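As structure tokens, the structure follows; a few thoughts come after it.
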Amino acid sequence: MSVLINGVEYVPRIRIGAPKELGTLGNALRVLRKGAKLSLDKAAVEVGCSKSYLWELEHDRTEPGLRMAACLASAYGVPLATLAACLNAPNEHA
């Protein structure tokens, strides 16, 4: 299963540490943030978290809970289902 975000196909994954070339939630979040023309600082204010936490999300060091995923989706102007697909879908490549 894959998700298209701004014309870029992302292959969701489940576990942290999967190869980045598969397309990760972190990569998707970075594309969405940049598409919204937000710096990490501005996105952190918009989302209501720290800049370092967003950095960790974008580098797949951690994964957001449901409430944070909803805040991210709202700030980046995408349906929560888009992020949920990236976070929870089975990864055929793992």
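Here, A, B, ... name the chains of the structure tokens in the order displayed, residue numbers run from 1 inside each chain, and ligands are numbered from 1 in the same displayed order.
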*asked:* At a cut-off of 10 Å, using only C-alpha atoms, what residues contact Ala84 (chain A)? Leave out same-chain residues fewer than 6 positions from it and give the result as a count of residues only.
replied: 7
_Gly77 (chain A) environment, 9 Å, only C-alpha atoms, sequence neighbours closer than 3 positions dropped, as a PyMOL selection string_ = chain A and resi 32+36+72-74
*Using only C-alpha atoms, which residues sit within 10 Å of Leu54 (chain A) once same-chain residues fewer than 6 positions away are excluded, as a list in words?*
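Residues meeting the cut-off are Gly26, Leu29, Arg30, Leu40, Asp41, Ala43, Ala44, Val47, Asp60, Arg61, Thr62, Glu63, Pro64 and Leu72 of chain A.
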Write the residues of the preceding selection, restricted to N, CA and C atoms, as a compact mmCIF listing (two decimals), in the first residue's frame.
# COMPACT_ATOMS: atom_id res chain seq x y z
N GLY A 26 8.19 10.15 8.37
CA GLY A 26 9.04 11.34 8.51
C GLY A 26 9.24 12.08 7.20
N LEU A 29 6.02 13.83 6.35
CA LEU A 29 5.82 15.02 7.17
C LEU A 29 6.69 16.18 6.68
N ARG A 30 7.91 15.89 6.28
CA ARG A 30 8.81 16.93 5.79
C ARG A 30 8.27 17.54 4.50
N LEU A 40 10.70 24.66 10.47
CA LEU A 40 10.48 23.84 11.66
C LEU A 40 9.97 24.68 12.81
N ASP A 41 10.54 25.89 12.97
CA ASP A 41 10.11 26.78 14.06
C ASP A 41 8.63 27.15 13.94
N ALA A 43 6.31 25.67 12.12
CA ALA A 43 5.46 24.47 12.20
C ALA A 43 5.27 24.05 13.65
N ALA A 44 6.31 24.13 14.45
CA ALA A 44 6.21 23.76 15.87
C ALA A 44 5.19 24.63 16.59
N VAL A 47 1.69 23.60 15.28
CA VAL A 47 1.28 22.28 15.76
C VAL A 47 1.12 22.26 17.28
N ASP A 60 12.29 10.15 11.70
CA ASP A 60 11.83 8.82 12.11
C ASP A 60 12.46 8.31 13.39
N ARG A 61 12.75 9.25 14.30
CA ARG A 61 13.28 8.87 15.62
C ARG A 61 12.15 8.50 16.57
N THR A 62 10.94 8.98 16.25
CA THR A 62 9.75 8.70 17.05
C THR A 62 8.55 8.76 16.12
N GLU A 63 7.42 8.30 16.61
CA GLU A 63 6.18 8.37 15.84
C GLU A 63 5.13 9.06 16.69
N PRO A 64 4.25 9.85 16.06
CA PRO A 64 3.27 10.62 16.82
C PRO A 64 2.12 9.74 17.31
N LEU A 72 -0.87 17.60 13.44
CA LEU A 72 -0.02 17.71 12.26
C LEU A 72 -0.85 17.78 10.99
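Atom to atom, CA of Gly35 (chain A) and CA of Val78 (chain A) stand 11.0 Å apart.
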*asked:* For the alpha helix (DSSP H) assignment from backbone DSSP, which residues of region 25-68 of chain A qualify? Please present them as a VMD selection string.
replied: chain A and resid 25 to 35 40 to 47 51 to 58 66 to 68
Go ahead and save the picked residues with C-alpha atoms, as a PDB file, in the first residue's frame.
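Saved as again09.pdb:
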ATOM      1  CA  LEU A  25       6.153   8.984   7.752  1.00  0.00           C
ATOM      2  CA  GLY A  26       9.040  11.338   8.511  1.00  0.00           C
ATOM      3  CA  ASN A  27       9.663  11.957   4.824  1.00  0.00           C
ATOM      4  CA  ALA A  28       5.951  12.546   4.269  1.00  0.00           C
ATOM      5  CA  LEU A  29       5.822  15.024   7.165  1.00  0.00           C
ATOM      6  CA  ARG A  30       8.807  16.933   5.792  1.00  0.00           C
ATOM      7  CA  VAL A  31       7.230  17.167   2.319  1.00  0.00           C
ATOM      8  CA  LEU A  32       3.935  18.361   3.825  1.00  0.00           C
ATOM      9  CA  ARG A  33       5.655  20.959   6.039  1.00  0.00           C
ATOM     10  CA  LYS A  34       7.676  22.321   3.157  1.00  0.00           C
ATOM     11  CA  GLY A  35       4.585  22.279   0.945  1.00  0.00           C
ATOM     12  CA  LEU A  40      10.483  23.836  11.659  1.00  0.00           C
ATOM     13  CA  ASP A  41      10.109  26.781  14.061  1.00  0.00           C
ATOM     14  CA  LYS A  42       6.841  27.999  12.548  1.00  0.00           C
ATOM     15  CA  ALA A  43       5.457  24.474  12.200  1.00  0.00           C
ATOM     16  CA  ALA A  44       6.213  23.762  15.867  1.00  0.00           C
ATOM     17  CA  VAL A  45       4.225  26.828  16.898  1.00  0.00           C
ATOM     18  CA  GLU A  46       1.376  25.882  14.547  1.00  0.00           C
ATOM     19  CA  VAL A  47       1.277  22.278  15.761  1.00  0.00           C
ATOM     20  CA  LYS A  51      11.037  22.163  17.163  1.00  0.00           C
ATOM     21  CA  SER A  52      13.164  19.241  18.341  1.00  0.00           C
ATOM     22  CA  TYR A  53      10.112  16.968  18.522  1.00  0.00           C
ATOM     23  CA  LEU A  54       9.195  17.816  14.916  1.00  0.00           C
ATOM     24  CA  TRP A  55      12.790  17.140  13.890  1.00  0.00           C
ATOM     25  CA  GLU A  56      12.593  13.712  15.574  1.00  0.00           C
ATOM     26  CA  LEU A  57       9.327  12.968  13.755  1.00  0.00           C
ATOM     27  CA  GLU A  58      10.767  13.991  10.395  1.00  0.00           C
ATOM     28  CA  LEU A  66      -3.211  10.050  17.514  1.00  0.00           C
ATOM     29  CA  ARG A  67      -3.672  13.526  19.013  1.00  0.00           C
ATOM     30  CA  MET A  68      -0.342  14.763  17.614  1.00  0.00           C
TER      31      MET A  68
END
*Restricting the calculation to only C-alpha atoms, which member of A:Gly65, A:His59, A:Tyr76, A:Ser50 is positioned closest to Lys37 (chain A)?*
A:Tyr76
